[in-house]
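start.cif follows; it contains mmCIF, C-alpha atoms and all ligand atoms.
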data_final
loop_
_atom_site.group_PDB
_atom_site.id
_atom_site.type_symbol
_atom_site.label_atom_id
_atom_site.label_comp_id
_atom_site.auth_asym_id
_atom_site.auth_seq_id
_atom_site.Cartn_x
_atom_site.Cartn_y
_atom_site.Cartn_z
ATOM 1 C CA MET A 1 -16.868 17.876 -14.485
ATOM 2 C CA PRO A 2 -13.554 15.981 -14.881
ATOM 3 C CA ASP A 3 -13.137 12.724 -13.040
ATOM 4 C CA ARG A 4 -11.343 12.706 -9.695
ATOM 5 C CA VAL A 5 -8.481 10.286 -10.254
ATOM 6 C CA THR A 6 -7.118 7.817 -7.719
ATOM 7 C CA ILE A 7 -3.700 6.281 -8.391
ATOM 8 C CA LEU A 8 -3.178 2.899 -6.723
ATOM 9 C CA THR A 9 0.139 1.027 -6.922
ATOM 10 C CA GLY A 10 0.506 -2.744 -6.754
ATOM 11 C CA ALA A 11 -3.129 -3.492 -7.486
ATOM 12 C CA THR A 12 -2.852 -6.879 -9.163
ATOM 13 C CA SER A 13 -3.093 -9.002 -6.009
ATOM 14 C CA GLY A 14 -3.661 -9.064 -2.280
ATOM 15 C CA ILE A 15 -4.404 -5.845 -0.417
ATOM 16 C CA GLY A 16 -4.096 -3.675 -3.541
ATOM 17 C CA ALA A 17 -6.694 -5.702 -5.429
ATOM 18 C CA ALA A 18 -8.998 -5.483 -2.391
ATOM 19 C CA ILE A 19 -8.583 -1.693 -2.213
ATOM 20 C CA ALA A 20 -9.299 -1.429 -5.954
ATOM 21 C CA ALA A 21 -12.491 -3.466 -5.507
ATOM 22 C CA GLU A 22 -13.634 -1.144 -2.682
ATOM 23 C CA LEU A 23 -12.952 2.053 -4.625
ATOM 24 C CA ALA A 24 -14.020 1.280 -8.184
ATOM 25 C CA GLY A 25 -17.285 2.937 -9.167
ATOM 26 C CA PRO A 26 -18.870 6.138 -10.439
ATOM 27 C CA ASP A 27 -17.282 8.469 -7.854
ATOM 28 C CA ARG A 28 -13.688 8.186 -9.029
ATOM 29 C CA ALA A 29 -11.502 7.162 -11.936
ATOM 30 C CA LEU A 30 -8.892 4.576 -10.978
ATOM 31 C CA LEU A 31 -5.391 4.269 -12.384
ATOM 32 C CA LEU A 32 -3.777 1.013 -11.298
ATOM 33 C CA ALA A 33 0.016 0.873 -11.580
ATOM 34 C CA GLY A 34 1.963 -2.355 -11.274
ATOM 35 C CA ARG A 35 4.388 -4.681 -12.962
ATOM 36 C CA ARG A 36 2.213 -7.347 -14.519
ATOM 37 C CA GLN A 37 0.417 -6.163 -17.664
ATOM 38 C CA HIS A 38 -1.729 -9.265 -18.112
ATOM 39 C CA ALA A 39 -2.875 -9.493 -14.479
ATOM 40 C CA GLY A 40 -3.339 -5.716 -14.345
ATOM 41 C CA ASP A 41 -5.511 -5.626 -17.459
ATOM 42 C CA ALA A 42 -7.623 -8.456 -16.028
ATOM 43 C CA VAL A 43 -8.138 -6.618 -12.706
ATOM 44 C CA ALA A 44 -9.007 -3.375 -14.533
ATOM 45 C CA ALA A 45 -11.484 -5.170 -16.827
ATOM 46 C CA SER A 46 -13.207 -6.826 -13.854
ATOM 47 C CA LEU A 47 -13.981 -3.518 -12.124
ATOM 48 C CA PRO A 48 -16.825 -1.054 -12.798
ATOM 49 C CA GLY A 49 -16.262 2.532 -13.923
ATOM 50 C CA ASN A 50 -13.280 4.289 -15.464
ATOM 51 C CA VAL A 51 -10.360 1.974 -14.547
ATOM 52 C CA ARG A 52 -7.034 1.760 -16.370
ATOM 53 C CA PHE A 53 -3.897 -0.249 -15.739
ATOM 54 C CA LEU A 54 -0.386 1.018 -16.452
ATOM 55 C CA ALA A 55 2.516 -1.443 -16.417
ATOM 56 C CA CYS A 56 5.601 -0.068 -14.687
ATOM 57 C CA ASP A 57 8.362 -1.010 -12.288
ATOM 58 C CA LEU A 58 8.272 1.379 -9.354
ATOM 59 C CA ALA A 59 11.984 0.776 -8.770
ATOM 60 C CA ASP A 60 12.505 2.798 -11.956
ATOM 61 C CA PRO A 61 12.889 6.478 -10.942
ATOM 62 C CA SER A 62 11.102 7.561 -14.133
ATOM 63 C CA ALA A 63 7.929 5.577 -13.262
ATOM 64 C CA PRO A 64 6.148 8.450 -11.427
ATOM 65 C CA GLU A 65 6.416 10.707 -14.491
ATOM 66 C CA ARG A 66 4.647 8.122 -16.679
ATOM 67 C CA ILE A 67 2.048 7.335 -14.019
ATOM 68 C CA PHE A 68 1.148 10.965 -13.351
ATOM 69 C CA ALA A 69 1.060 11.785 -17.097
ATOM 70 C CA THR A 70 -1.486 8.983 -17.602
ATOM 71 C CA ALA A 71 -3.460 10.080 -14.537
ATOM 72 C CA ARG A 72 -3.659 13.659 -15.866
ATOM 73 C CA GLU A 73 -5.215 12.310 -19.087
ATOM 74 C CA MET A 74 -7.954 10.721 -16.946
ATOM 75 C CA GLY A 75 -8.927 13.813 -14.926
ATOM 76 C CA THR A 76 -7.926 15.685 -11.759
ATOM 77 C CA ILE A 77 -5.437 13.827 -9.570
ATOM 78 C CA HIS A 78 -7.032 13.615 -6.140
ATOM 79 C CA THR A 79 -5.807 10.470 -4.360
ATOM 80 C CA LEU A 80 -2.594 8.448 -4.294
ATOM 81 C CA ILE A 81 -2.408 5.085 -2.566
ATOM 82 C CA ASN A 82 1.126 3.748 -2.198
ATOM 83 C CA ASN A 83 0.412 0.058 -1.724
ATOM 84 C CA ALA A 84 3.120 -1.799 -3.692
ATOM 85 C CA GLY A 85 5.771 -3.394 -1.526
ATOM 86 C CA ILE A 86 8.043 -6.386 -1.166
ATOM 87 C CA LEU A 87 9.217 -8.511 1.738
ATOM 88 C CA LEU A 88 12.578 -10.257 1.765
ATOM 89 C CA PRO A 89 13.078 -12.055 5.097
ATOM 90 C CA GLY A 90 16.286 -12.043 7.108
ATOM 91 C CA ARG A 91 18.014 -10.846 10.269
ATOM 92 C CA ALA A 92 20.874 -8.321 9.913
ATOM 93 C CA ASP A 93 23.472 -11.053 9.444
ATOM 94 C CA GLU A 94 21.326 -12.696 6.753
ATOM 95 C CA THR A 95 20.623 -9.521 4.729
ATOM 96 C CA SER A 96 22.840 -8.698 1.739
ATOM 97 C CA ASP A 97 23.401 -5.152 0.533
ATOM 98 C CA ALA A 98 21.440 -6.079 -2.594
ATOM 99 C CA ASP A 99 18.397 -7.243 -0.593
ATOM 100 C CA TRP A 100 18.541 -4.210 1.710
ATOM 101 C CA ASN A 101 18.735 -1.819 -1.258
ATOM 102 C CA ARG A 102 15.969 -3.610 -3.185
ATOM 103 C CA ILE A 103 13.584 -3.318 -0.229
ATOM 104 C CA MET A 104 14.443 0.345 0.393
ATOM 105 C CA ASP A 105 14.097 1.106 -3.310
ATOM 106 C CA ILE A 106 10.551 -0.231 -3.605
ATOM 107 C CA ASN A 107 9.172 0.200 -0.088
ATOM 108 C CA VAL A 108 10.686 3.624 0.661
ATOM 109 C CA ASN A 109 12.279 5.388 -2.338
ATOM 110 C CA ALA A 110 9.380 4.685 -4.705
ATOM 111 C CA VAL A 111 6.849 5.840 -2.086
ATOM 112 C CA PHE A 112 8.838 9.038 -1.586
ATOM 113 C CA ARG A 113 9.070 9.685 -5.351
ATOM 114 C CA MET A 114 5.362 8.993 -5.944
ATOM 115 C CA SER A 115 4.330 11.178 -2.985
ATOM 116 C CA ARG A 116 6.613 14.015 -4.082
ATOM 117 C CA ALA A 117 5.101 13.883 -7.570
ATOM 118 C CA ALA A 118 1.585 14.053 -6.094
ATOM 119 C CA ILE A 119 2.070 17.232 -4.088
ATOM 120 C CA GLY A 120 2.118 19.700 -7.025
ATOM 121 C CA PRO A 121 -1.136 18.556 -8.675
ATOM 122 C CA MET A 122 -2.902 18.202 -5.318
ATOM 123 C CA ARG A 123 -1.766 21.659 -4.188
ATOM 124 C CA ASP A 124 -2.931 23.147 -7.505
ATOM 125 C CA ALA A 125 -6.320 21.454 -7.088
ATOM 126 C CA GLY A 126 -6.543 22.667 -3.473
ATOM 127 C CA ALA A 127 -7.221 19.164 -2.185
ATOM 128 C CA GLY A 128 -5.691 15.725 -2.130
ATOM 129 C CA VAL A 129 -5.252 12.512 -0.203
ATOM 130 C CA ILE A 130 -2.254 10.211 0.126
ATOM 131 C CA LEU A 131 -2.527 6.844 1.837
ATOM 132 C CA ASN A 132 0.560 4.743 2.460
ATOM 133 C CA VAL A 133 0.332 1.023 3.154
ATOM 134 C CA ALA A 134 2.827 0.511 5.980
ATOM 135 C CA SER A 135 2.625 -2.448 8.386
ATOM 136 C CA ASP A 136 2.108 -3.228 12.058
ATOM 137 C CA TRP A 137 5.857 -3.868 11.905
ATOM 138 C CA ALA A 138 6.221 -0.100 11.566
ATOM 139 C CA LEU A 139 4.879 0.070 15.123
ATOM 140 C CA VAL A 140 6.326 -2.978 16.894
ATOM 141 C CA ALA A 141 9.476 -5.051 16.476
ATOM 142 C CA ALA A 142 9.517 -7.990 14.071
ATOM 143 C CA ARG A 143 11.684 -11.077 14.128
ATOM 144 C CA GLY A 144 13.628 -12.092 11.002
ATOM 145 C CA ALA A 145 12.483 -9.302 8.664
ATOM 146 C CA LEU A 146 14.858 -6.463 9.510
ATOM 147 C CA ALA A 147 15.035 -4.557 6.230
ATOM 148 C CA TYR A 148 11.276 -4.834 5.677
ATOM 149 C CA ALA A 149 10.407 -3.616 9.197
ATOM 150 C CA VAL A 150 12.866 -0.708 8.922
ATOM 151 C CA SER A 151 11.380 0.236 5.530
ATOM 152 C CA LYS A 152 7.868 0.319 6.992
ATOM 153 C CA ALA A 153 9.012 2.383 9.994
ATOM 154 C CA ALA A 154 10.454 4.846 7.480
ATOM 155 C CA ILE A 155 7.036 5.030 5.834
ATOM 156 C CA ALA A 156 5.457 5.849 9.196
ATOM 157 C CA GLN A 157 7.731 8.847 9.613
ATOM 158 C CA LEU A 158 7.390 9.888 5.955
ATOM 159 C CA THR A 159 3.629 9.866 6.523
ATOM 160 C CA ARG A 160 3.702 11.981 9.663
ATOM 161 C CA CYS A 161 6.271 14.498 8.380
ATOM 162 C CA MET A 162 4.590 14.966 4.991
ATOM 163 C CA ALA A 163 1.233 15.285 6.758
ATOM 164 C CA VAL A 164 2.387 18.276 8.804
ATOM 165 C CA ASP A 165 4.249 19.835 5.863
ATOM 166 C CA HIS A 166 1.151 19.786 3.631
ATOM 167 C CA ALA A 167 -1.826 19.976 6.015
ATOM 168 C CA HIS A 168 -2.345 23.689 5.291
ATOM 169 C CA GLU A 169 -2.541 22.913 1.557
ATOM 170 C CA GLY A 170 -5.611 20.721 1.985
ATOM 171 C CA ILE A 171 -3.671 17.483 1.498
ATOM 172 C CA ARG A 172 -4.363 14.657 3.971
ATOM 173 C CA ILE A 173 -1.661 12.009 4.376
ATOM 174 C CA ASN A 174 -2.203 8.872 6.454
ATOM 175 C CA ALA A 175 -0.881 5.326 6.678
ATOM 176 C CA ILE A 176 -2.612 2.047 7.238
ATOM 177 C CA CYS A 177 -0.677 -0.549 9.245
ATOM 178 C CA PRO A 178 -1.988 -4.009 8.357
ATOM 179 C CA GLY A 179 -1.059 -7.022 10.391
ATOM 180 C CA ASP A 180 -0.574 -10.437 8.805
ATOM 181 C CA THR A 181 -2.999 -10.629 5.898
ATOM 182 C CA ASP A 182 -3.843 -13.606 3.706
ATOM 183 C CA THR A 183 -2.172 -12.451 0.478
ATOM 184 C CA PRO A 184 0.558 -13.891 -1.767
ATOM 185 C CA MET A 185 3.125 -12.040 0.421
ATOM 186 C CA LEU A 186 2.236 -14.134 3.483
ATOM 187 C CA ALA A 187 3.871 -17.567 3.644
ATOM 188 C CA ARG A 188 5.293 -17.008 0.147
ATOM 189 C CA GLY A 189 6.539 -20.220 -1.423
ATOM 190 C CA VAL A 190 4.338 -22.458 0.767
ATOM 191 C CA THR A 191 1.292 -23.992 -0.963
ATOM 192 C CA GLY A 192 -1.790 -26.150 -0.336
ATOM 193 C CA SER A 193 -2.477 -27.613 3.101
ATOM 194 C CA ALA A 194 0.998 -26.628 4.329
ATOM 195 C CA ARG A 195 0.118 -22.999 3.562
ATOM 196 C CA ARG A 196 -3.226 -23.257 5.366
ATOM 197 C CA ALA A 197 -1.465 -24.735 8.399
ATOM 198 C CA ARG A 198 1.207 -22.028 8.351
ATOM 199 C CA ILE A 199 -1.426 -19.275 8.113
ATOM 200 C CA ALA A 200 -3.351 -20.794 11.033
ATOM 201 C CA GLU A 201 -0.115 -20.881 13.027
ATOM 202 C CA ILE A 202 0.601 -17.216 12.244
ATOM 203 C CA GLY A 203 -2.994 -16.339 13.167
ATOM 204 C CA ALA A 204 -2.770 -18.139 16.503
ATOM 205 C CA ALA A 205 -0.147 -15.618 17.666
ATOM 206 C CA ILE A 206 -2.497 -12.657 17.037
ATOM 207 C CA PRO A 207 -4.950 -11.487 19.771
ATOM 208 C CA MET A 208 -7.955 -12.039 17.464
ATOM 209 C CA GLY A 209 -6.642 -15.531 16.711
ATOM 210 C CA ARG A 210 -6.448 -15.225 12.925
ATOM 211 C CA VAL A 211 -4.856 -13.280 10.083
ATOM 212 C CA ALA A 212 -6.777 -10.597 8.176
ATOM 213 C CA GLN A 213 -8.580 -11.091 4.893
ATOM 214 C CA PRO A 214 -7.542 -8.507 2.264
ATOM 215 C CA ALA A 215 -11.050 -7.012 2.166
ATOM 216 C CA GLU A 216 -10.823 -6.173 5.881
ATOM 217 C CA VAL A 217 -7.807 -3.998 5.108
ATOM 218 C CA GLY A 218 -9.360 -2.664 1.888
ATOM 219 C CA ARG A 219 -12.426 -1.356 3.719
ATOM 220 C CA VAL A 220 -10.331 0.682 6.181
ATOM 221 C CA ALA A 221 -8.213 2.025 3.317
ATOM 222 C CA ALA A 222 -11.387 3.089 1.504
ATOM 223 C CA PHE A 223 -12.578 4.913 4.636
ATOM 224 C CA LEU A 224 -9.253 6.724 5.089
ATOM 225 C CA VAL A 225 -9.265 8.094 1.518
ATOM 226 C CA SER A 226 -12.951 9.074 1.715
ATOM 227 C CA ASP A 227 -14.380 12.410 2.851
ATOM 228 C CA ALA A 228 -15.631 10.584 5.966
ATOM 229 C CA ALA A 229 -12.022 10.820 7.215
ATOM 230 C CA SER A 230 -11.853 14.566 6.474
ATOM 231 C CA PHE A 231 -10.190 15.520 9.800
ATOM 232 C CA MET A 232 -7.606 12.717 9.752
ATOM 233 C CA THR A 233 -4.022 13.393 8.753
ATOM 234 C CA GLY A 234 -0.701 12.059 10.007
ATOM 235 C CA ALA A 235 -2.447 8.980 11.439
ATOM 236 C CA LEU A 236 -0.954 5.484 11.504
ATOM 237 C CA VAL A 237 -3.978 3.201 11.616
ATOM 238 C CA PRO A 238 -3.398 -0.423 12.676
ATOM 239 C CA VAL A 239 -5.653 -3.063 11.098
ATOM 240 C CA ASP A 240 -3.992 -5.971 12.807
ATOM 241 C CA GLY A 241 -6.378 -7.878 15.079
ATOM 242 C CA GLY A 242 -4.669 -6.294 18.085
ATOM 243 C CA ASN A 243 -1.111 -7.345 17.191
ATOM 244 C CA SER A 244 0.492 -3.942 17.701
ATOM 245 C CA THR A 245 -0.821 -3.733 21.273
ATOM 246 C CA GLY A 246 2.176 -5.932 22.048
ATOM 247 C CA VAL A 247 0.308 -8.288 24.400
ATOM 248 C CA GLY A 248 0.246 -11.261 22.014
ATOM 249 C CA ALA A 249 -2.491 -13.857 21.715
HETATM 250 N N1 LIG B 1 0.241 -9.476 3.583
HETATM 251 C C1 LIG B 1 0.609 -9.001 4.743
HETATM 252 O O1 LIG B 1 0.643 -9.742 5.743
HETATM 253 C C2 LIG B 1 0.988 -7.537 4.898
HETATM 254 C C3 LIG B 1 1.101 -7.024 6.196
HETATM 255 C C4 LIG B 1 1.444 -5.690 6.370
HETATM 256 C C5 LIG B 1 1.665 -4.886 5.262
HETATM 257 N N2 LIG B 1 1.557 -5.403 4.017
HETATM 258 C C6 LIG B 1 1.822 -4.489 2.891
HETATM 259 O O2 LIG B 1 0.701 -4.456 2.030
HETATM 260 C C7 LIG B 1 1.129 -4.080 0.729
HETATM 261 C C8 LIG B 1 0.520 -5.050 -0.274
HETATM 262 O O3 LIG B 1 1.078 -6.348 -0.060
HETATM 263 P P1 LIG B 1 0.256 -7.698 -0.227
HETATM 264 O O4 LIG B 1 0.277 -8.379 1.065
HETATM 265 O O5 LIG B 1 -1.033 -7.417 -0.890
HETATM 266 O O6 LIG B 1 1.269 -8.522 -1.140
HETATM 267 P P2 LIG B 1 1.273 -8.838 -2.696
HETATM 268 O O7 LIG B 1 2.617 -9.441 -2.953
HETATM 269 O O8 LIG B 1 0.054 -9.558 -3.085
HETATM 270 O O9 LIG B 1 1.186 -7.390 -3.342
HETATM 271 C C9 LIG B 1 2.290 -6.561 -3.561
HETATM 272 C C10 LIG B 1 2.023 -5.769 -4.818
HETATM 273 O O10 LIG B 1 3.127 -4.879 -5.051
HETATM 274 C C11 LIG B 1 3.513 -4.990 -6.417
HETATM 275 N N3 LIG B 1 4.914 -4.632 -6.577
HETATM 276 C C12 LIG B 1 5.976 -5.166 -5.918
HETATM 277 N N4 LIG B 1 7.110 -4.645 -6.398
HETATM 278 C C13 LIG B 1 6.756 -3.761 -7.369
HETATM 279 C C14 LIG B 1 7.489 -2.911 -8.255
HETATM 280 N N5 LIG B 1 8.823 -2.877 -8.247
HETATM 281 N N6 LIG B 1 6.791 -2.154 -9.118
HETATM 282 C C15 LIG B 1 5.445 -2.199 -9.162
HETATM 283 N N7 LIG B 1 4.705 -2.990 -8.365
HETATM 284 C C16 LIG B 1 5.356 -3.751 -7.481
HETATM 285 C C17 LIG B 1 3.246 -6.466 -6.751
HETATM 286 O O11 LIG B 1 3.191 -6.690 -8.126
HETATM 287 C C18 LIG B 1 1.921 -6.686 -6.052
HETATM 288 O O12 LIG B 1 0.841 -6.260 -6.856
HETATM 289 C C19 LIG B 1 2.665 -4.086 0.750
HETATM 290 O O13 LIG B 1 3.147 -2.780 0.878
HETATM 291 C C20 LIG B 1 2.966 -4.896 2.003
HETATM 292 O O14 LIG B 1 4.227 -4.579 2.539
HETATM 293 C C21 LIG B 1 1.215 -6.704 3.798
#
Can the structure from this file be put into structure tokens for me?
Amino acid sequence: MPDRVTILTGATSGIGAAIAAELAGPDRALLLAGRRQHAGDAVAASLPGNVRFLACDLADPSAPERIFATAREMGTIHTLINNAGILLPGRADETSDADWNRIMDINVNAVFRMSRAAIGPMRDAGAGVILNVASDWALVAARGALAYAVSKAAIAQLTRCMAVDHAHEGIRINAICPGDTDTPMLARGVTGSARRARIAEIGAAIPMGRVAQPAEVGRVAAFLVSDAASFMTGALVPVDGGNSTGVGA
């Protein structure tokens, strides 16, 4: 029986690497897609089972064609996890057209193109799962990260609309909405004890009093793409220590 293939974008660090660690094993082949060949090969080599890494820039509109061609060589495409994303901070008056377009290109356009490419093979197979990594900032307002928060809100609606369009085809489409998580994206550019202090400060504003560890997000992602979540579609699932309740710490 051919392998069921899971495509995971942005798997070389942070939440993506944690999801890859949760999913790798005998039940599925994993195709990791990201920019950094060296880091990607190292992640793939560290995981058990049939795991490959494909270097690509998701801002390139031709990337999905290459990714899905490689996935088809590995088996039947069953799951797509759109995890890759970027954050460029700034309020409206601090956001250039170039920054706005860069964020929309990677966080929204690439997710749309990858998801569109997944529908045909999943429909043909009679089953499929798409999981988008959004953010709690898709659910509540954020200060000083306008383009990023708007991009993640777009992903929330892409998730819900695609879920209803394709539910009758056996394709489940959900989003996970992580809160602040201890990855290279958080407190980027700050290192050492200053970074630890900044992360503690961010955590203090969250009801649970801390930021998430990547594995805490990875475990929920693994559940959502598993058959245990067989009646879930169109869901936006916060994994945010209570942040999106809006009550604060
Ligand atoms: N860390 C947080 O606090 C947090 C909170 C909510 C949501 N998220 C989301 O989680 C996802 C993973 O982020 P992370 O926190 O692990 O950060 P990260 O920076 O460690 O990971 C981002 C990944 O996306 C990849 N990527 C970025 N641009 C790409 C491109 N053009 N082509 C291919 N790959 C590209 C990077 O190489 C990296 O592997 C993102 O979508 C992010 O928006 C993160």
> So which residues touch Asn50 of chain A within 12 Å, counting all atoms listed in the file, skipping near sequence neighbours fewer than 6 positions away, as a PyMOL selection string?
Replying inline: chain A and resi 2-6+20+23-32+44+71+73-75
Prev. selection, C-alpha atoms, output as a PDB file, in the frame of the given file:
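Written output follows (result32.pdb):
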ATOM      1  CA  PRO A   2     -13.554  15.981 -14.881  1.00  0.00           C
ATOM      2  CA  ASP A   3     -13.137  12.724 -13.040  1.00  0.00           C
ATOM      3  CA  ARG A   4     -11.343  12.706  -9.695  1.00  0.00           C
ATOM      4  CA  VAL A   5      -8.481  10.286 -10.254  1.00  0.00           C
ATOM      5  CA  THR A   6      -7.118   7.817  -7.719  1.00  0.00           C
ATOM      6  CA  ALA A  20      -9.299  -1.429  -5.954  1.00  0.00           C
ATOM      7  CA  LEU A  23     -12.952   2.053  -4.625  1.00  0.00           C
ATOM      8  CA  ALA A  24     -14.020   1.280  -8.184  1.00  0.00           C
ATOM      9  CA  GLY A  25     -17.285   2.937  -9.167  1.00  0.00           C
ATOM     10  CA  PRO A  26     -18.870   6.138 -10.439  1.00  0.00           C
ATOM     11  CA  ASP A  27     -17.282   8.469  -7.854  1.00  0.00           C
ATOM     12  CA  ARG A  28     -13.688   8.186  -9.029  1.00  0.00           C
ATOM     13  CA  ALA A  29     -11.502   7.162 -11.936  1.00  0.00           C
ATOM     14  CA  LEU A  30      -8.892   4.576 -10.978  1.00  0.00           C
ATOM     15  CA  LEU A  31      -5.391   4.269 -12.384  1.00  0.00           C
ATOM     16  CA  LEU A  32      -3.777   1.013 -11.298  1.00  0.00           C
ATOM     17  CA  ALA A  44      -9.007  -3.375 -14.533  1.00  0.00           C
ATOM     18  CA  ALA A  71      -3.460  10.080 -14.537  1.00  0.00           C
ATOM     19  CA  GLU A  73      -5.215  12.310 -19.087  1.00  0.00           C
ATOM     20  CA  MET A  74      -7.954  10.721 -16.946  1.00  0.00           C
ATOM     21  CA  GLY A  75      -8.927  13.813 -14.926  1.00  0.00           C
TER      22      GLY A  75
END
> Can you list what the PyMOL selection byres (((chain A and resi 170) around 7) and not hetatm) grabs from this structure, as a list in words?
Replying inline: Gly126, Ala127, Gly128, Ala167, His168, Glu169, Ile171 and Arg172 of chain A
>> What's the separation between atom C19 of ligand LIG 1 (chain B) and atom CA of Ala194 of chain A, in Å to one decimal place?
In response: 22.9 Å
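Note that atom CA of Ile106 of chain A and atom C1 of ligand LIG 1 (chain B) are 15.7 Å apart.
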>> At a cut-off of 7 Å around ligand LIG 1 (chain B), and using all atoms listed in the file, what residues come up? Please write them as a ChimeraX atom specification.
In response: /A:9-16,33-36,56-59,83-87,106-107,133-136,177-186
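Here atom CA of Ala156 of chain A and atom CA of Arg72 of chain A stand 27.8 Å from one another.
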Leu80 of chain A environment, 10 Å, only C-alpha atoms, sequence neighbours closer than 5 positions dropped, as a short mmCIF file (atom, residue, chain, number, x, y, z; two decimals) with C-alpha atoms, in the frame of the given file:
data_model
loop_
_atom_site.label_atom_id
_atom_site.label_comp_id
_atom_site.auth_asym_id
_atom_site.auth_seq_id
_atom_site.Cartn_x
_atom_site.Cartn_y
_atom_site.Cartn_z
CA VAL A 5 -8.48 10.29 -10.25
CA THR A 6 -7.12 7.82 -7.72
CA ILE A 7 -3.70 6.28 -8.39
CA LEU A 8 -3.18 2.90 -6.72
CA THR A 9 0.14 1.03 -6.92
CA LEU A 30 -8.89 4.58 -10.98
CA LEU A 31 -5.39 4.27 -12.38
CA MET A 114 5.36 8.99 -5.94
CA SER A 115 4.33 11.18 -2.98
CA ALA A 117 5.10 13.88 -7.57
CA ALA A 118 1.58 14.05 -6.09
CA ILE A 119 2.07 17.23 -4.09
CA MET A 122 -2.90 18.20 -5.32
CA GLY A 128 -5.69 15.72 -2.13
CA VAL A 129 -5.25 12.51 -0.20
CA ILE A 130 -2.25 10.21 0.13
CA LEU A 131 -2.53 6.84 1.84
CA ASN A 132 0.56 4.74 2.46
CA ILE A 173 -1.66 12.01 4.38
CA VAL A 225 -9.26 8.09 1.52
#
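Proximity to segment 206-213 of chain A at 8 Å, evaluated using only C-alpha atoms and with sequence-adjacent residues fewer than 3 positions away removed, yields Gly179, Asp180, Thr181, Asp182, Thr183, Ile199, Ala200, Ile202, Gly203, Glu216, Val217, Asp240, Gly241, Gly242, Asn243, Val247, Gly248 and Ala249 of chain A.
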> Which residue gives the smallest distance to Arg123 of chain A among A:Ala235, A:Ile77, A:Ala221, A:Ala55, with only C-alpha atoms counted?
Replying inline: A:Ile77
Please put the answer as JSON: centre and edge lengths, in Å with one decimal, of a box along x, y and z that encloses all listed atoms of segment 125-135 of chain A plus 5 Å on each side.
{"center_x": -2.2, "center_y": 10.1, "center_z": 0.6, "size_x": 20.0, "size_y": 35.1, "size_z": 25.5}
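Taking only C-alpha atoms into account, Ala163 of chain A lies nearest to A:Met232 out of the set A:Met232, A:Leu88, A:Ala149, A:Leu54.
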>> On this structure, the PyMOL selection byres (((chain A and resi 148) around 9) and not hetatm) would catch which residues? List them as a ChimeraX atom specification, sorted by chain and number.
In response: /A:86-90,100,103-104,107,137,145-147,149-153
Kindly output segment 36-48 of chain A as a PDB file, in the frame of the given file, after building N, CA and C atoms.
ATOM      1  N   ARG A  36       2.667  -6.236 -13.666  1.00  0.00           N
ATOM      2  CA  ARG A  36       2.213  -7.347 -14.519  1.00  0.00           C
ATOM      3  C   ARG A  36       1.056  -6.914 -15.426  1.00  0.00           C
ATOM      4  N   GLN A  37       1.401  -6.694 -16.713  1.00  0.00           N
ATOM      5  CA  GLN A  37       0.417  -6.163 -17.664  1.00  0.00           C
ATOM      6  C   GLN A  37      -0.825  -7.054 -17.738  1.00  0.00           C
ATOM      7  N   HIS A  38      -0.605  -8.357 -17.894  1.00  0.00           N
ATOM      8  CA  HIS A  38      -1.729  -9.265 -18.112  1.00  0.00           C
ATOM      9  C   HIS A  38      -2.663  -9.273 -16.890  1.00  0.00           C
ATOM     10  N   ALA A  39      -2.075  -9.462 -15.719  1.00  0.00           N
ATOM     11  CA  ALA A  39      -2.875  -9.493 -14.479  1.00  0.00           C
ATOM     12  C   ALA A  39      -3.536  -8.135 -14.253  1.00  0.00           C
ATOM     13  N   GLY A  40      -2.806  -7.062 -14.555  1.00  0.00           N
ATOM     14  CA  GLY A  40      -3.339  -5.716 -14.345  1.00  0.00           C
ATOM     15  C   GLY A  40      -4.521  -5.435 -15.259  1.00  0.00           C
ATOM     16  N   ASP A  41      -4.402  -5.827 -16.526  1.00  0.00           N
ATOM     17  CA  ASP A  41      -5.511  -5.626 -17.459  1.00  0.00           C
ATOM     18  C   ASP A  41      -6.737  -6.419 -16.998  1.00  0.00           C
ATOM     19  N   ALA A  42      -6.504  -7.620 -16.484  1.00  0.00           N
ATOM     20  CA  ALA A  42      -7.623  -8.456 -16.028  1.00  0.00           C
ATOM     21  C   ALA A  42      -8.317  -7.812 -14.826  1.00  0.00           C
ATOM     22  N   VAL A  43      -7.531  -7.285 -13.875  1.00  0.00           N
ATOM     23  CA  VAL A  43      -8.138  -6.618 -12.706  1.00  0.00           C
ATOM     24  C   VAL A  43      -8.932  -5.401 -13.176  1.00  0.00           C
ATOM     25  N   ALA A  44      -8.321  -4.590 -14.060  1.00  0.00           N
ATOM     26  CA  ALA A  44      -9.007  -3.375 -14.533  1.00  0.00           C
ATOM     27  C   ALA A  44     -10.321  -3.732 -15.234  1.00  0.00           C
ATOM     28  N   ALA A  45     -10.279  -4.793 -16.071  1.00  0.00           N
ATOM     29  CA  ALA A  45     -11.484  -5.170 -16.827  1.00  0.00           C
ATOM     30  C   ALA A  45     -12.581  -5.708 -15.919  1.00  0.00           C
ATOM     31  N   SER A  46     -12.207  -6.223 -14.747  1.00  0.00           N
ATOM     32  CA  SER A  46     -13.207  -6.826 -13.854  1.00  0.00           C
ATOM     33  C   SER A  46     -13.918  -5.778 -12.988  1.00  0.00           C
ATOM     34  N   LEU A  47     -13.438  -4.538 -13.032  1.00  0.00           N
ATOM     35  CA  LEU A  47     -13.981  -3.518 -12.124  1.00  0.00           C
ATOM     36  C   LEU A  47     -14.917  -2.557 -12.860  1.00  0.00           C
ATOM     37  N   PRO A  48     -15.925  -2.014 -12.153  1.00  0.00           N
ATOM     38  CA  PRO A  48     -16.825  -1.054 -12.798  1.00  0.00           C
ATOM     39  C   PRO A  48     -16.198   0.333 -12.888  1.00  0.00           C
TER      40      PRO A  48
END
